[in-house]
Structure formats: structure tokens, C-alpha cells
Amino acid sequence: MEARAEHQSYKRYKSLYTFTSLVGCSLIVLIVVWCVEFRGGFAWKSNPKLQFNWHPLMMTIGLIFMFSQAMLIYRTGRGVTKRSLKILHGFIHLGAFVCSVFGLVAVFDFHNNSVPPKANLYTLHSWLGLICVIMFTLQLVGGFVTFMYPGLSREIRKISLPVHVAVGISLFVLSVCTAFMGLQEKAIFAIDDYASFSSESLLVNFTGLILALYATLVLYLVNNTEFKRTALPEEELALSGHTE
């Protein structure tokens with residue numbers, strides 16, 4: 001009976017997770033369409049204006065999509081060993097970190113190489129964005145040291161885990177809020193006919209709605225205890241001290 005309930009719970013999770021991931025992929029596609037169709041596409045230092053377009057794309061991929069996928073990996077991979085999930089969790093977070101650094105370089109280069117140069121870090125969006133990246137980096141390093149290598153004692157890991165989870169969820173929410181601010185800020189600064197319901201303005205607003213939907217779904221999946229991963233039998237034995 002218990003196994004059947006577990007199976008049904010996982011089926012519901014997989015359905016919701018698949019839909020959530022499709023919404024997340026749609027969010028990335030919308031950012032690409034916006035940058036290509038309305039903002040001129042992508043370039044690097046040869047064209048600072050187009051280099052900026054990497055910023056919203058990389059931040060969306062890194063601090064929104066990959067971040068959330070890393071949080072959900074423990075619920076998605078229920079039949080995978082805890083150690084393997086830890087490694088996947090860490091590598092996805094590392095990929096998110098690389099994307100966020102790429103996005104930061106793009107926006108700083110855009111400001112510094114524009115003619116005339118633009119000021120850096122003067123908006124609330126930029127302050128919160130930098131805080132997100134710094135805190136995400138500290139969370140990544142702290143999680144690696146505590147849970148992976150060298151790996152602290154079982155007692156410290158047990159105490160640290162709820163804090164690690166709470167900080168991770170809070171950072172995801174802050175990243176989403178910062179993304180909302182970035183979308184609105186760019187729309188006001190760059191879209192001349194934003195108030196006239198132009199195609200670009202509608203696309204930006206719709207992208208914000210998709211972002212809100214994605215964040216809501218992710219937080220539901222992360223916080224719903226019904227979908228919590230059950231330890232595998234060998235992991236239960238290891239925790240009880242009967243085996244390694």
C-alpha cells in the first residue's frame with residue numbers, strides 16, 4: 001500500500017516537473033526571441049550594445065533555470081543514490097555559476113565599452129544582482145566543503161542542511177525578483193513605444209508572466225513534502241551504522 005502511494009506521488013511529481021521544465025525552456029526561448037528579433041542579436045566586445053544581450057540570457061539560464069533544476073534534482077532522481085545526486089547537484093550549480101559570471105562580464109563590458117561609457121552599479125537591480133551572484137558563490141563553496149569535500153561530520157551536516165536548503169530557496173526567490181526588475185528596467189530604458197502596447201512591450205510583459213509561472217511551479221515542487229525523496233534501503237543502512 002505504501003509503495004503504491006509512493007508510486008502515485010512520483011507520477012504526479014513527474015507530470016508537474018515535466019510541465020514546469022517546459023515552462024522554463026519556454027522562458028529561455030522568449031528571452032532569445034526578444035534579443036534576436038527586437039534587440040539586434042548577440043555579439044561580444046566588437047559591439048557592446050549586442051554584447052549586453054548575453055546578460056539577460058545567461059542570467060536566466062544560470063540563476064533561474066539551472067538553479068531551479070539543481071534544487072529539484074533530489075526529487076527528480078528518486079532512484080539514484082544520494083552521493084550521485086550530490087555530484088549532479090554540485091555540477092548543475094557550477095554550470096549556473098559559470099553562466100552568471102558570463103552574464104556579469106557582458107553587462108560590465110557593455111557599460112565600460114559604450115561611447116560614452118555608462119555608469120556601473122547604480123540601480124537597485126544591479127545591486128541585488130551582484131548580491132545574488134556573491135551569495136550564490138558562497139552557497140556553492142559552502143555546500144561543497146560541508147557536504148562533498150572534505151565533507152564535515154555527520155552532526156554538522158545534519159545541522160547545516162536546513163540552513164543550506166533555506167538559503168538556496170531564498171536566493172532563488174531573490175534571483176526571480178531581480179530578474180523581474182531587470183526586465184522592467186530594460187523595457188523602460190530601451191523600448192521607446194513601451195506605453196503603446198507594441199509587439200516588443202507585449203513580449204517583455206508576457207515573458208515576465210512566464211517567469212512568474214515558472215517560479216511558482218518550482219517553489220511548489222520544492223516545498224511540497226509529498227514529493228520529498230525517500231532514502232534508498234542502502235542509505236538507511238548507512239545512516240544506522242550497519243554498513244558503509
# chains A, B, ... in the order shown; residues from 1 in each chain; ligands from 1
call {"tool": "residues_around", "arguments": {"residues": "A:Thr20", "least_positions_apart": "3", "cutoff": "7 Å", "atoms": "only C-alpha atoms", "output": "PyMOL selection string"}}
result
chain A and resi 16-17+23-24+214+217-218
call {"tool": "closest_atom_pairs", "arguments": {"of": "stretch 108-178 of chain A", "to": "stretch 220-232 of chain A", "cutoff": "12 Å", "atoms": "only C-alpha atoms", "output": "tab-separated table"}}
result
residue	atom	partner	partner_atom	distance
A:Val165	CA	A:Val222	CA	9.8
A:Ala166	CA	A:Asn223	CA	10.4
A:Gly168	CA	A:Val222	CA	10.7
A:Ile169	CA	A:Val222	CA	8.4
A:Ser170	CA	A:Val222	CA	11.8
A:Phe172	CA	A:Val222	CA	11.2
call {"tool": "select_by_dssp", "arguments": {"residues": "stretch 41-234 of chain A", "states": "helix (DSSP H, G or I)", "output": "NGL selection string"}}
result
:A and (48-51 or 54-76 or 82-113 or 124-148 or 154-190 or 194-196 or 199-223 or 225-227 or 233-234)
call {"tool": "atom_distance", "arguments": {"atom1": "atom CA of A:Asp109", "atom2": "atom CA of A:Glu200"}}
result
24.7 Å
call {"tool": "residues_around", "arguments": {"residues": "stretch 145-151 of chain A", "least_positions_apart": "5", "cutoff": "9 Å", "atoms": "only C-alpha atoms", "output": "list in words"}}
result
Arg83, Lys86, Ile87, Gly90, Leu140, Ile156, Arg157, Ser160 and Leu161 of chain A
call {"tool": "residues_around", "arguments": {"residues": "A:Ile28", "least_positions_apart": "6", "cutoff": "12 Å", "atoms": "only C-alpha atoms", "output": "VMD selection string"}}
result
chain A and resid 21 to 22 34 to 35 54 56 to 66 207 to 208 210 to 211 214
call {"tool": "residues_around", "arguments": {"residues": "A:Ser84", "least_positions_apart": "5", "cutoff": "12 Å", "atoms": "only C-alpha atoms", "output": "PyMOL selection string"}}
result
chain A and resi 73-74+77-79+89-91+148
call {"tool": "atom_distance", "arguments": {"atom1": "atom CA of A:Lys11", "atom2": "atom CA of A:Met71"}}
result
18.8 Å
call {"tool": "residues_around", "arguments": {"residues": "A:Ile92", "least_positions_apart": "2", "cutoff": "8 Å", "atoms": "only C-alpha atoms", "output": "list in words"}}
result
Met66, Phe67, Gln69, Ala70, Leu88, His89, Gly90, Leu94, Gly95 and Ala96 of chain A
call {"tool": "atom_distance", "arguments": {"atom1": "atom CA of A:Leu219", "atom2": "atom CA of A:Val204"}}
result
22.7 Å
call {"tool": "residues_around", "arguments": {"residues": "A:Ser126", "least_positions_apart": "5", "cutoff": "9 Å", "atoms": "only C-alpha atoms", "output": "list in words"}}
result
Asn120, Leu121, Ile131, Thr178 and Gly182 of chain A
